[in-house]
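One file, run-v1.cif, carrying mmCIF, C-alpha atoms:
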```cif
data_structure
#
loop_
_atom_site.label_atom_id
_atom_site.label_comp_id
_atom_site.auth_asym_id
_atom_site.auth_seq_id
_atom_site.Cartn_x
_atom_site.Cartn_y
_atom_site.Cartn_z
CA MET A 27 -30.38 11.62 89.48
CA ARG A 28 -30.95 9.27 86.53
CA GLY A 29 -28.24 8.21 84.10
CA ILE A 30 -26.95 5.45 81.85
CA LEU A 31 -24.11 3.15 82.84
CA LEU A 32 -21.35 3.40 80.25
CA LYS A 33 -18.98 0.82 81.64
CA GLY A 34 -17.84 -0.84 84.82
CA TYR A 35 -14.46 -2.23 85.75
CA GLY A 36 -12.68 -3.20 88.96
CA GLY A 37 -15.61 -2.36 91.21
CA PHE A 38 -16.09 1.13 89.78
CA TYR A 39 -18.85 2.20 87.42
CA TYR A 40 -19.08 5.18 85.11
CA VAL A 41 -22.46 6.78 84.63
CA HIS A 42 -23.42 9.47 82.14
CA THR A 43 -26.09 12.02 83.13
CA GLU A 44 -26.71 14.60 80.43
CA ASP A 45 -23.21 16.10 79.93
CA GLN A 46 -21.68 14.85 83.19
CA LEU A 47 -19.63 11.71 83.76
CA TRP A 48 -19.67 10.23 87.25
CA GLU A 49 -17.35 7.69 88.83
CA CYS A 50 -19.68 5.54 90.91
CA SER A 51 -19.47 2.94 93.62
CA LEU A 52 -22.23 0.57 94.67
CA ARG A 53 -24.57 0.89 97.59
CA GLY A 54 -23.89 -1.93 100.06
CA ARG A 55 -27.05 -3.87 99.26
CA PHE A 56 -25.93 -4.30 95.65
CA ARG A 57 -22.55 -5.66 96.73
CA LEU A 58 -24.23 -8.11 99.05
CA LYS A 59 -26.51 -9.36 96.28
CA SER A 60 -23.58 -9.60 93.84
CA GLN A 61 -25.84 -8.07 91.21
CA GLU A 62 -24.40 -7.94 87.70
CA PHE A 63 -24.33 -4.53 86.07
CA LEU A 64 -24.18 -4.09 82.31
CA ALA A 65 -23.40 -1.19 80.04
CA GLY A 66 -26.74 0.30 79.09
CA ASP A 67 -28.33 -0.17 82.51
CA ARG A 68 -30.47 2.80 83.57
CA VAL A 69 -29.50 3.71 87.09
CA TRP A 70 -30.25 6.30 89.76
CA ILE A 71 -27.30 7.84 91.57
CA SER A 72 -26.62 10.08 94.56
CA PRO A 73 -23.78 12.58 93.91
CA GLY A 74 -20.91 12.68 96.39
CA LEU A 75 -17.72 14.72 96.39
CA GLY A 76 -16.57 16.12 93.06
CA LYS A 77 -17.56 13.80 90.27
CA THR A 78 -18.11 10.74 92.44
CA ALA A 79 -21.49 9.20 93.17
CA THR A 80 -23.23 6.11 94.53
CA ILE A 81 -25.58 3.89 92.53
CA GLU A 82 -28.82 3.73 94.48
CA LYS A 83 -31.21 1.96 92.13
CA VAL A 84 -31.22 0.01 88.87
CA GLU A 85 -34.28 0.11 86.64
CA PRO A 86 -35.67 -3.12 85.14
CA ARG A 87 -34.12 -4.00 81.77
CA LYS A 88 -36.19 -4.21 78.63
CA ASN A 89 -33.63 -6.65 77.17
CA SER A 90 -30.05 -7.80 77.61
CA LEU A 91 -27.46 -9.51 75.45
CA THR A 92 -24.59 -11.80 76.36
CA ARG A 93 -22.44 -11.16 73.28
CA PRO A 94 -21.81 -8.28 73.58
CA PRO A 95 -22.86 -7.99 77.26
CA ILE A 96 -25.13 -4.94 77.16
CA ALA A 97 -28.62 -3.99 78.33
CA ASN A 98 -31.53 -1.95 77.00
CA VAL A 99 -30.48 -2.11 73.35
CA ASP A 100 -32.80 -0.30 70.95
CA GLN A 101 -31.24 -1.26 67.64
CA ALA A 102 -28.30 -2.89 65.91
CA LEU A 103 -26.51 -1.21 63.03
CA ILE A 104 -25.33 -3.93 60.66
CA VAL A 105 -22.48 -2.30 58.77
CA PHE A 106 -21.22 -3.78 55.51
CA ALA A 107 -19.04 -2.30 52.78
CA LEU A 108 -20.35 -2.40 49.23
CA VAL A 109 -16.78 -2.98 48.04
CA SER A 110 -13.42 -3.85 49.62
CA PRO A 111 -14.29 -6.12 51.31
CA GLU A 112 -17.04 -7.53 49.16
CA PRO A 113 -20.21 -8.14 51.19
CA ASP A 114 -20.56 -11.58 52.75
CA TYR A 115 -24.29 -12.21 52.37
CA ASN A 116 -24.18 -15.36 54.47
CA LEU A 117 -22.75 -13.36 57.38
CA LEU A 118 -25.37 -10.66 56.79
CA ASP A 119 -28.26 -13.12 57.01
CA ARG A 120 -26.68 -14.79 60.05
CA LEU A 121 -26.44 -11.45 61.85
CA LEU A 122 -30.01 -10.56 60.93
CA LEU A 123 -31.19 -13.86 62.40
CA GLN A 124 -29.27 -13.32 65.65
CA ILE A 125 -30.51 -9.76 66.06
CA GLU A 126 -34.14 -10.54 65.33
CA LEU A 127 -34.06 -13.46 67.76
CA GLU A 128 -33.29 -10.84 70.43
CA ASN A 129 -36.22 -8.67 69.28
CA ILE A 130 -33.85 -5.84 68.41
CA GLN A 131 -34.47 -3.58 65.43
CA PRO A 132 -31.82 -4.05 62.70
CA VAL A 133 -30.66 -1.20 60.46
CA LEU A 134 -28.52 -2.02 57.42
CA VAL A 135 -25.74 0.51 56.79
CA LEU A 136 -23.81 0.10 53.54
CA THR A 137 -20.52 2.00 53.33
CA LYS A 138 -18.09 3.04 50.56
CA THR A 139 -20.74 4.16 48.08
CA ASP A 140 -18.14 6.49 46.56
CA SER A 141 -16.17 3.45 45.32
CA TRP A 142 -19.16 1.34 44.27
CA GLN A 143 -20.03 0.76 40.63
CA ALA A 144 -23.37 -0.96 41.07
CA THR A 145 -24.45 -3.75 38.77
CA GLU A 146 -28.11 -4.40 38.10
CA ALA A 147 -27.91 -7.66 40.06
CA GLU A 148 -26.39 -5.92 43.08
CA GLU A 149 -28.99 -3.17 43.07
CA LYS A 150 -31.74 -5.77 42.83
CA HIS A 151 -30.22 -7.76 45.69
CA TRP A 152 -30.12 -4.80 48.10
CA GLN A 153 -33.53 -3.59 47.00
CA ALA A 154 -34.89 -6.98 48.02
CA TYR A 155 -33.82 -6.29 51.62
CA ARG A 156 -35.74 -3.02 51.54
CA GLU A 157 -38.79 -4.89 50.28
CA MET A 158 -38.44 -7.29 53.23
CA GLY A 159 -38.99 -4.26 55.47
CA TYR A 160 -35.43 -3.55 56.57
CA SER A 161 -34.17 0.01 56.92
CA LEU A 162 -31.21 0.42 54.58
CA ILE A 163 -28.90 3.43 54.48
CA LYS A 164 -26.06 3.89 51.98
CA VAL A 165 -23.20 6.04 53.23
CA SER A 166 -19.81 7.40 52.25
CA ASN A 167 -17.40 8.56 54.93
CA LYS A 168 -15.55 10.47 52.18
CA THR A 169 -18.42 12.41 50.59
CA GLY A 170 -20.73 12.50 53.61
CA GLU A 171 -23.57 10.76 51.81
CA GLY A 172 -26.05 9.21 54.26
CA ILE A 173 -24.17 10.35 57.42
CA ALA A 174 -26.98 12.67 58.56
CA GLU A 175 -29.54 9.89 58.01
CA VAL A 176 -27.56 7.49 60.20
CA GLY A 177 -27.13 10.21 62.84
CA LYS A 178 -30.87 10.78 62.95
CA CYS A 179 -31.32 7.03 63.37
CA LEU A 180 -29.00 7.01 66.42
CA GLU A 181 -30.53 9.98 68.19
CA GLY A 182 -31.97 9.13 71.60
CA LYS A 183 -31.21 5.40 71.24
CA THR A 184 -28.76 2.81 72.54
CA SER A 185 -27.20 0.98 69.61
CA VAL A 186 -24.69 -1.76 68.95
CA MET A 187 -22.70 -2.15 65.77
CA ALA A 188 -22.16 -5.43 63.97
CA GLY A 189 -20.26 -6.26 60.84
CA PRO A 190 -16.90 -7.50 59.51
CA SER A 191 -13.63 -5.63 59.93
CA GLY A 192 -12.52 -3.18 57.28
CA VAL A 193 -15.98 -1.86 56.42
CA GLY A 194 -15.44 1.57 57.99
CA LYS A 195 -17.23 1.33 61.35
CA SER A 196 -14.69 3.54 63.14
CA SER A 197 -14.68 6.08 60.31
CA LEU A 198 -18.47 6.11 60.41
CA LEU A 199 -18.46 6.87 64.15
CA ASN A 200 -15.98 9.69 63.62
CA SER A 201 -18.10 11.10 60.80
CA LEU A 202 -21.20 10.96 62.99
CA SER A 203 -19.55 12.71 65.95
CA PRO A 204 -16.51 14.77 64.93
CA GLY A 205 -14.11 14.82 67.87
CA LEU A 206 -15.66 11.66 69.33
CA GLU A 207 -12.29 10.55 70.70
CA ARG A 208 -11.92 13.90 72.44
CA LYS A 209 -15.43 13.72 73.91
CA THR A 210 -14.85 10.23 75.31
CA SER A 211 -11.24 10.68 76.41
CA GLU A 212 -12.30 11.13 80.03
CA VAL A 213 -14.01 7.73 79.96
CA GLY A 214 -11.05 6.19 78.16
CA LYS A 215 -8.54 7.42 80.72
CA LYS A 216 -10.58 6.17 83.64
CA LEU A 217 -11.19 2.81 82.02
CA LYS A 218 -7.79 2.19 80.46
CA ARG A 219 -7.32 -1.05 82.41
CA GLY A 220 -10.37 -2.58 80.81
CA ARG A 221 -10.31 -1.08 77.33
CA HIS A 222 -8.67 -4.07 75.66
CA THR A 223 -10.65 -6.89 77.24
CA THR A 224 -13.56 -8.22 75.21
CA ARG A 225 -15.41 -9.22 78.37
CA HIS A 226 -16.34 -5.58 78.90
CA VAL A 227 -18.43 -3.23 76.80
CA GLU A 228 -18.18 0.53 76.76
CA LEU A 229 -20.91 2.85 75.53
CA MET A 230 -19.89 6.08 73.83
CA PRO A 231 -22.03 9.20 73.36
CA CYS A 232 -22.59 9.58 69.62
CA ALA A 233 -25.00 11.68 67.53
CA GLY A 234 -27.37 12.25 70.43
CA GLY A 235 -27.44 8.60 71.45
CA PHE A 236 -25.08 5.92 72.72
CA VAL A 237 -23.16 3.33 70.68
CA ALA A 238 -21.31 0.26 71.96
CA ASP A 239 -17.67 0.28 70.89
CA THR A 240 -17.56 -3.47 70.28
CA PRO A 241 -17.64 -5.44 67.02
CA GLY A 242 -21.23 -6.26 67.97
CA PHE A 243 -22.47 -9.83 67.93
CA SER A 244 -19.26 -11.81 68.29
CA ASN A 245 -20.75 -15.30 68.46
CA LEU A 246 -21.53 -16.35 64.91
CA ASN A 247 -23.12 -19.66 65.84
CA ILE A 248 -26.87 -20.00 65.39
CA PRO A 249 -28.58 -19.39 68.78
CA PRO A 250 -30.76 -22.15 70.28
CA LEU A 251 -33.71 -22.51 67.94
CA ARG A 252 -36.04 -25.31 66.87
CA ARG A 253 -35.84 -26.33 63.23
CA GLU A 254 -39.50 -25.51 62.60
CA GLU A 255 -39.01 -21.96 63.94
CA LEU A 256 -36.23 -20.91 61.58
CA ALA A 257 -38.34 -19.99 58.54
CA GLY A 258 -40.35 -17.54 60.65
CA TYR A 259 -37.25 -15.36 61.03
CA PHE A 260 -36.77 -14.98 57.27
CA GLN A 261 -38.88 -11.94 56.42
CA ASP A 262 -39.08 -12.77 52.72
CA PHE A 263 -40.59 -16.18 53.55
CA GLN A 264 -43.52 -14.75 55.51
CA ARG A 265 -46.15 -14.44 52.77
CA PHE A 266 -45.57 -18.03 51.65
CA LEU A 267 -45.62 -19.73 55.06
CA GLY A 268 -48.62 -21.91 55.83
CA LYS A 269 -49.33 -22.53 52.15
CA CYS A 270 -47.18 -25.63 51.66
CA ARG A 271 -48.70 -29.07 51.20
CA PHE A 272 -47.49 -30.17 54.64
CA ASN A 273 -48.00 -28.10 57.79
CA SER A 274 -44.68 -29.42 59.11
CA CYS A 275 -42.82 -28.44 55.93
CA LEU A 276 -39.19 -27.46 56.56
CA HIS A 277 -38.86 -26.18 52.97
CA ASP A 278 -36.03 -28.57 52.24
CA ARG A 279 -36.87 -31.86 50.53
CA GLU A 280 -40.65 -31.84 50.89
CA PRO A 281 -42.83 -31.80 47.76
CA ASP A 282 -45.27 -28.97 46.95
CA CYS A 283 -43.30 -26.42 48.98
CA MET A 284 -44.30 -22.81 48.34
CA ILE A 285 -40.94 -21.48 49.54
CA LYS A 286 -39.06 -23.51 46.95
CA GLU A 287 -41.58 -22.49 44.31
CA ALA A 288 -41.05 -18.83 45.23
CA VAL A 289 -37.29 -19.29 44.81
CA THR A 290 -37.81 -20.81 41.38
CA ASP A 291 -40.09 -17.91 40.42
CA GLY A 292 -37.55 -15.33 41.60
CA LYS A 293 -39.76 -14.08 44.45
CA ILE A 294 -37.14 -15.12 47.03
CA ILE A 295 -33.43 -14.55 46.43
CA GLY A 296 -31.67 -17.83 45.76
CA SER A 297 -28.78 -17.02 48.12
CA ARG A 298 -31.23 -16.32 50.94
CA TYR A 299 -32.76 -19.75 50.49
CA ARG A 300 -29.31 -21.38 50.41
CA HIS A 301 -28.42 -19.61 53.64
CA TYR A 302 -31.67 -20.83 55.16
CA LEU A 303 -30.76 -24.41 54.27
CA SER A 304 -27.26 -24.07 55.75
CA PHE A 305 -28.70 -22.61 58.98
CA LEU A 306 -31.29 -25.38 59.07
CA GLN A 307 -28.55 -28.00 58.75
CA GLU A 308 -26.62 -26.34 61.58
CA ILE A 309 -29.68 -26.37 63.83
CA MET A 310 -30.36 -30.04 63.07
CA GLU A 311 -26.74 -30.95 63.82
CA ASN A 312 -26.98 -29.13 67.14
CA GLU A 313 -30.17 -31.06 67.94
CA ARG A 314 -28.35 -34.35 67.37
CA LYS A 315 -25.55 -33.28 69.73
CA TYR A 316 -27.97 -32.68 72.57
#
```

How does the structure come out when it is put into structure tokens?
Amino acid sequence: MRGILLKGYGGFYYVHTEDQLWECSLRGRFRLKSQEFLAGDRVWISPGLGKTATIEKVEPRKNSLTRPPIANVDQALIVFALVSPEPDYNLLDRLLLQIELENIQPVLVLTKTDSWQATEAEEKHWQAYREMGYSLIKVSNKTGEGIAEVGKCLEGKTSVMAGPSGVGKSSLLNSLSPGLERKTSEVGKKLKRGRHTTRHVELMPCAGGFVADTPGFSNLNIPPLRREELAGYFQDFQRFLGKCRFNSCLHDREPDCMIKEAVTDGKIIGSRYRHYLSFLQEIMENERKY
């Protein structure tokens, strides 16, 4: 029987198969190998007595993260509030970089539309992210705007959430799956010893998919990356790359740089370019350390 591992703690693992939750132990060969199991692993189990089972096989992972520790992630929902707190665009671009480095699809979810009085500059800023190719969904947990669209996005997928505190991530989950706490109470009771340790990740059934109940990407440092690779992860830079005077252009102090020209012409958002420069400086400082 095939299922998805929701969480493991203290030598026991909890696997979801359709609508059934199983408390699983490991087959002896896994214990001997000291294999690490992650939330999101696809496993095959043999049912035992009651709701107990044994993990017989683990399928190969398509990807895995270390922060949060989770496997087989399909997408990351980057959740930001449009107001209260005001969006931190540097954090947004940092999260996008981290997620795309892992080859995970990002989805931008903007909450609190019911309290947002959009300025022309703000509308233009968010529209620019759409033009970069990012999926962007505006939602209100109060009016229900955009909730169905996010739910459709989650269906059949394993997702992690990222974003600052206070933006309404918990309210969004409750709006997506009314009674979510009731549906996952069985998992919560079984895993109460590990619920408050950040070393563990728990997946929750939500809107026909599974969502990690962690803050998402907790390490806000730039991952290992060469300075010349950074620009390739800025989607709005793509059409200008390779057109600078120097092939080795870092788009910083070099003359005849098409990226800087695009910023001057308003084709690249100025804040995005400033974030690029700050990330570049961070990467160069890390290179000097090692």

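In this comparison, which uses all atoms listed in the file, the residue of A:Tyr259, A:Pro231, A:Ile285, A:Ser203 approaching Asp45 in chain A most closely is A:Pro231.
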
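What separates CA of Leu162 in chain A from CA of Glu126 in chain A is a distance of 15.6 Å.
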
Out of A:Glu175, A:His277, A:Lys168, A:Asn98, which residue has the shortest atom-to-atom distance to Leu134 in chain A when counting all atoms listed in the file? A:Glu175

Give as a PyMOL selection string the set of residues within 12 Å of the point (-28.6, 8.7, 55.6), where distances use the file's coordinates and only C-alpha atoms. chain A and resi 133-137+139+161-167+169-180+198+201-202

On this structure, the PyMOL selection byres ((chain A and resi 284) around 12) would catch which residues? List them as an MDAnalysis selection string, sorted by chain and number. chainID A and resid 263:273 275:283 285:291 293:294

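Here CA of Met27 in chain A and CA of Trp70 in chain A stand 5.3 Å from one another.
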
Do you have, as a Markdown table, the list of residues of range 223-281 of chain A lying at most 9 Å from range 106-121 of chain A, each with its nearest atom pair and that distance in Å to one decimal, counting all atoms listed in the file and ordered by chain then number?
```
| residue | atom | partner | partner_atom | distance |
| --- | --- | --- | --- | --- |
| A:Phe243 | CA | A:Leu121 | CA | 7.4 |
| A:Leu246 | CA | A:Arg120 | CA | 7.3 |
| A:Asn247 | CA | A:Arg120 | CA | 8.4 |
| A:Ile248 | CA | A:Arg120 | CA | 7.5 |
| A:Phe260 | CA | A:Asp119 | CA | 8.7 |
```

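Each of A:Glu228, A:Glu255, A:Glu181, A:Glu308 was checked against Leu127 in chain A using all atoms listed in the file; the smallest atom-to-atom distance is that of A:Glu255.
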
Explicit residues for the PyMOL selection byres ((chain A and resi 252) around 12) (as a ChimeraX atom specification): /A:248-251,253-259,276,305-314

Ref. answer, residues at most 12 Å from (-27.2, 8.8, 82.9) with only C-alpha atoms, as a compact mmCIF listing (two decimals) with C-alpha atoms, keeping the file's coordinate frame:
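Once written, part38.txt looks like this:
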```
# COMPACT_ATOMS: atom_id res chain seq x y z
CA MET A 27 -30.38 11.62 89.48
CA ARG A 28 -30.95 9.27 86.53
CA GLY A 29 -28.24 8.21 84.10
CA ILE A 30 -26.95 5.45 81.85
CA LEU A 31 -24.11 3.15 82.84
CA LEU A 32 -21.35 3.40 80.25
CA LYS A 33 -18.98 0.82 81.64
CA TYR A 39 -18.85 2.20 87.42
CA TYR A 40 -19.08 5.18 85.11
CA VAL A 41 -22.46 6.78 84.63
CA HIS A 42 -23.42 9.47 82.14
CA THR A 43 -26.09 12.02 83.13
CA GLU A 44 -26.71 14.60 80.43
CA ASP A 45 -23.21 16.10 79.93
CA GLN A 46 -21.68 14.85 83.19
CA LEU A 47 -19.63 11.71 83.76
CA TRP A 48 -19.67 10.23 87.25
CA GLU A 49 -17.35 7.69 88.83
CA CYS A 50 -19.68 5.54 90.91
CA ALA A 65 -23.40 -1.19 80.04
CA GLY A 66 -26.74 0.30 79.09
CA ASP A 67 -28.33 -0.17 82.51
CA ARG A 68 -30.47 2.80 83.57
CA VAL A 69 -29.50 3.71 87.09
CA TRP A 70 -30.25 6.30 89.76
CA ILE A 71 -27.30 7.84 91.57
CA SER A 72 -26.62 10.08 94.56
CA ALA A 79 -21.49 9.20 93.17
CA ILE A 81 -25.58 3.89 92.53
CA VAL A 84 -31.22 0.01 88.87
CA GLU A 85 -34.28 0.11 86.64
CA LEU A 229 -20.91 2.85 75.53
CA MET A 230 -19.89 6.08 73.83
CA PRO A 231 -22.03 9.20 73.36
CA GLY A 235 -27.44 8.60 71.45
CA PHE A 236 -25.08 5.92 72.72
```

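For the file shown, the residue list from the PyMOL selection byres ((chain A and resi 102) around 9) reads Val99, Asp100, Gln101, Leu103, Ile104, Ile125, Ile130, Gln131, Pro132, Val133, Leu134, Thr184, Ser185, Val186, Met187, Ala188 and Gly242 of chain A.
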
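With CA of Ala147 in chain A on one side and CA of Ile295 in chain A on the other, the separation reads 10.9 Å.
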
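Between Pro86 in chain A and the candidates A:Leu64, A:Val105, A:Leu52, A:Val227, the tightest atom-to-atom separation, counting all atoms listed in the file, involves A:Leu64.
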
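The closest residue to Gln124 in chain A, picked from A:Phe56, A:Pro94, A:Gly37, A:Ala144 and counting all atoms listed in the file, is A:Pro94.
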
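Checking A:Arg53, A:Glu62, A:Lys83, A:Leu199 one by one against Ala97 in chain A, counting only C-alpha atoms, you find the shortest gap at A:Glu62.
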